[in-house]
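Enquirer: Here it is, the structure, as structure tokens.
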Amino acid sequence: MGGVAGPELAGAVAAAGALGMLCEFDLEPSTERMTQALSVAGDGAVGMGFFGHWLHDDLATFEEAATRLRLVEVFWTAPDAAIVDRARRSGGALMAWQVGTVDAAVAAADAGCDVVIVQGVEAGGHVRGTTPRDQLLDAVLAKVSLPVVVAGGIGTAQQVATVIAAGAAGARVGTRFVATTESRGHPVYLQALVDAQSGDDTVLTEAFSGGWPDAPHRVLRSALDAAENFDGEVVGHVMRARGREAMARFDVSTPSRQVEGEIAAMAMYAGTGVGEIRDVRSAADVVRELVSALG
Ligand SMILES: Cc1cc2nc3c(=O)[nH]c(=O)nc-3n(C[C@H](O)[C@H](O)[C@H](O)COP(=O)(O)O)c2cc1C
């Protein structure tokens with residue numbers, strides 16, 4: 001999760017026994033973040049996610065991740081055998097593709113992936129498909145023999161147990177981990193997640209398009225309302241290594257602790273499981289809770 005899942009969070013999730021995911025983009029150089037996440041993770045599994053449309057600008061990072069980490073994953077673009085091959089030639093990481101349709105899941109299998117992650121429309125962040133999670137899972141399981149991890153709106157131990165019983169090899173959880181002590185999310189964002197009551201407090205929109213147009217995403221409804229009602233075009237500032245930069249209204253960036261300004265009017269990404277978040281806890285506590293209904 002860009003802007004949220006730094007090495008502290010990915011490492012803590014991994015140390016707790018789940019797969020902790022880094023994002024290709026963050027404040028510090030990727031090499032440094034891999035090293036730090038691996039040191040927090042101990043024997044745990046760390047992966048890194050890439051966006052297909054930006055991947056070709058940074059193939060060196062992809063290859064390094066395939067060498068050093070347990071899994072590399074690509075999102076958004078169509079599964080591509082050449083990318084899978086590149087990962088295989090670089091190192092021993094498992095290759096995953098996150099998709100939002102049955103056809104794309106079949107294409108991921110055909111491209112030679114080890115794992116496919118199917119994302120239902122309930123998901124927080126950028127949303128690739130339009131099909132509800134459980135329906136997509138069933139349809140994909142009928143078509144592919146790869147391990148299928150399912151994502152979108154999962155926030156309880158019961159939901160994790162249900163998708164595993166339905167045949168998923170794993171559950172991908174994003175939003176619940178934004179509200180953790182290791183998250184890089186801005187405290188105002190974390191509190192807004194805690195305050196949200198249900199999936200009705202989220203909305204699928206294309207509004208936060210600055211930097212990444214034509215890409216549907218799910219955010220807190222309050223964030224969209226606040227951005228629409230915000231008076232002005234600069235909603236805040238982000239501290240980058242190269243200095244303090246203005247952040248335009250409807251910018252795609254996640255409100256991290258590196259951001260200041262009108263946080264409530266920024267892209268506070270959230271999936272429909274947000275109503276299950278009652279507090280900010282350690283990532284290890286969240287992992288423990290989420291697996292607690294498994295046998
Ligand atoms: C704040 C946030 C940032 C995200 N950033 C990314 C990202 O950088 N790359 C990616 O592949 N998916 C990203 N996602 C989507 C997740 O991979 C996943 O599909 C989603 O979180 C699952 O739904 P959930 O949030 O309801 O658990 C992000 C999700 C959130 C909530």
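So you can find residues: chains in the structure tokens are A, B, ... in the order shown, residues in each start at 1, and ligands are numbered from 1 in order.
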Near Arg240 of chain A, counting only C-alpha atoms, which residues have an atom at most 12 Å away, once you skip same-chain residues fewer than 3 positions from it, shown as a list in words?
Expert: Gly3, Phe25, Asp26, Leu27, Glu28, Pro29, His237, Gly243, Arg244, Glu245, Ala246, Met247, Ser256, Arg257, Gln258, Val259 and Glu260 of chain A
Enquirer: Can you tell me which residues sit at most 7 Å away from ligand 1, counting only C-alpha atoms and all ligand atoms, written as JSON, numbers by chain?
Expert: {"A": [1, 2, 4, 23, 49, 50, 51, 74, 75, 98, 119, 122, 123, 124, 125, 126, 127, 151, 152, 153, 154, 155, 172, 173, 174, 175, 176, 178, 254, 269, 270, 271, 272, 273]}
Enquirer: Kindly give the distance, in Å, that separates atom CA of Arg184 of chain A and atom CA of Glu289 of chain A, rounded to a single decimal.
Expert: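 Separation between atom CA of Arg184 of chain A and atom CA of Glu289 of chain A: 21.0 Å.
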Enquirer: Write out as a list in words the residues lying within 6 Å of Ala157 of chain A, counting only C-alpha atoms and excluding same-chain residues fewer than 4 positions away.
Expert: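 Counting only the stated atoms, we get Leu290, Val291, Ser292 and Ala293 of chain A.
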Enquirer: With C-alpha atoms kept, could you save the residues just selected as a PDB file, in the first residue's frame?
Expert:
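Final output, selection17.pdb:
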ATOM      1  CA  LEU A 290      -7.653 -12.304  11.408  1.00  0.00           C
ATOM      2  CA  VAL A 291      -6.380 -15.911  11.536  1.00  0.00           C
ATOM      3  CA  SER A 292      -8.121 -16.740  14.812  1.00  0.00           C
ATOM      4  CA  ALA A 293     -11.091 -18.536  13.222  1.00  0.00           C
TER       5      ALA A 293
END
Enquirer: For Glu262 of chain A, which of A:Arg278, A:His186, A:His56, A:Arg242 is the closest residue, counting only C-alpha atoms?
Expert: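 The answer is A:His186, which sits nearest to Glu262 of chain A.
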Enquirer: Rounded to one decimal place, report the atom CA of Ala78 of chain A-atom CA of Ala107 of chain A distance in Å.
Expert: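 If I compute the distance from atom CA of Ala78 of chain A to atom CA of Ala107 of chain A, I get 7.6 Å.
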Enquirer: Determine which residues of segment 60-230 of chain A DSSP labels as alpha helix (DSSP H) from the backbone of this structure, then write them out as a PyMOL selection string.
Expert: chain A and resi 60-68+81-90+102-110+133-141+157-165+175-178+187-195+221-229
Enquirer: Output C-alpha atoms of each residue in that selection to a file, as a tab-separated table (two decimals), in the first residue's frame.
Expert:
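Below is the file that was written, result15.tsv:
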chain	number	residue	atom	x	y	z
A	60	ALA	CA	16.12	-2.95	-11.67
A	61	THR	CA	13.97	-2.72	-8.53
A	62	PHE	CA	11.71	-5.49	-9.81
A	63	GLU	CA	14.72	-7.74	-10.41
A	64	GLU	CA	16.21	-6.91	-7.03
A	65	ALA	CA	12.89	-7.71	-5.33
A	66	ALA	CA	12.67	-11.01	-7.24
A	67	THR	CA	16.14	-11.85	-5.95
A	68	ARG	CA	15.78	-10.79	-2.34
A	81	ALA	CA	4.71	-13.74	-19.64
A	82	ALA	CA	7.82	-11.62	-20.34
A	83	ILE	CA	7.58	-10.03	-16.89
A	84	VAL	CA	7.05	-13.41	-15.24
A	85	ASP	CA	10.09	-14.69	-17.12
A	86	ARG	CA	12.12	-11.70	-15.98
A	87	ALA	CA	11.27	-12.50	-12.35
A	88	ARG	CA	12.24	-16.16	-12.84
A	89	ARG	CA	15.59	-15.23	-14.39
A	90	SER	CA	16.31	-12.80	-11.53
A	102	VAL	CA	-11.92	-14.11	-14.48
A	103	ASP	CA	-10.30	-13.55	-17.88
A	104	ALA	CA	-7.36	-11.76	-16.30
A	105	ALA	CA	-6.98	-14.57	-13.74
A	106	VAL	CA	-6.82	-17.10	-16.58
A	107	ALA	CA	-4.28	-14.86	-18.33
A	108	ALA	CA	-2.17	-14.78	-15.13
A	109	ALA	CA	-2.14	-18.59	-15.09
A	110	ASP	CA	-1.28	-18.70	-18.80
A	133	ARG	CA	-15.34	-10.66	-4.10
A	134	ASP	CA	-17.07	-13.97	-3.35
A	135	GLN	CA	-18.61	-14.22	-6.80
A	136	LEU	CA	-15.25	-13.54	-8.44
A	137	LEU	CA	-13.52	-16.09	-6.21
A	138	ASP	CA	-15.98	-18.86	-7.16
A	139	ALA	CA	-15.76	-18.03	-10.85
A	140	VAL	CA	-11.95	-17.96	-10.82
A	141	LEU	CA	-11.63	-21.19	-8.82
A	157	ALA	CA	-11.60	-13.55	11.23
A	158	GLN	CA	-14.94	-14.97	10.10
A	159	GLN	CA	-14.52	-13.53	6.60
A	160	VAL	CA	-11.00	-14.96	6.39
A	161	ALA	CA	-12.28	-18.38	7.45
A	162	THR	CA	-15.15	-18.15	4.97
A	163	VAL	CA	-12.96	-17.40	1.95
A	164	ILE	CA	-10.51	-20.15	2.92
A	165	ALA	CA	-13.40	-22.61	3.27
A	175	THR	CA	-7.49	-1.37	4.73
A	176	ARG	CA	-7.39	-3.08	8.14
A	177	PHE	CA	-3.61	-2.66	8.17
A	178	VAL	CA	-3.80	1.06	7.48
A	187	PRO	CA	-3.29	10.02	12.18
A	188	VAL	CA	-6.33	11.91	10.82
A	189	TYR	CA	-6.75	9.19	8.16
A	190	LEU	CA	-6.43	6.40	10.74
A	191	GLN	CA	-9.03	8.06	12.96
A	192	ALA	CA	-11.40	8.46	9.99
A	193	LEU	CA	-11.13	4.69	9.38
A	194	VAL	CA	-11.91	4.00	13.03
A	195	ASP	CA	-14.90	6.40	12.89
A	221	ARG	CA	-17.16	8.98	1.25
A	222	SER	CA	-16.26	11.79	3.67
A	223	ALA	CA	-12.97	12.32	1.77
A	224	LEU	CA	-14.76	12.72	-1.54
A	225	ASP	CA	-17.31	15.12	0.00
A	226	ALA	CA	-14.57	17.16	1.66
A	227	ALA	CA	-12.49	17.34	-1.53
A	228	GLU	CA	-15.52	18.44	-3.56
A	229	ASN	CA	-16.32	21.14	-1.01
Enquirer: Could you check which of A:Leu71, A:Val150, A:Ala166, A:Val116 is closest to Pro132 of chain A, using only C-alpha atoms?
Expert: A:Val150
Enquirer: Going by DSSP on the backbone, which residues of segment 26-244 of chain A come out as strand (DSSP E or B)? List them as a PyMOL selection string.
Expert: chain A and resi 45-51+71-75+94-99+115-119+125-126+148-151+170-172+180+185+202-205+210+217-220+234-240+243-244
Enquirer: In Å, rounded to a single decimal, give me how far atom CA of Pro216 of chain A is from atom CA of Ile277 of chain A.
Expert: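 Between atom CA of Ile277 of chain A and atom CA of Pro216 of chain A the gap works out to 23.2 Å.
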Enquirer: When you count only C-alpha atoms, which of these residues is closest to Gly20 of chain A: A:Ala283, A:Leu55, A:Val121, A:Leu294?
Expert: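 Using only C-alpha atoms, the shortest distance to Gly20 of chain A belongs to A:Ala283.
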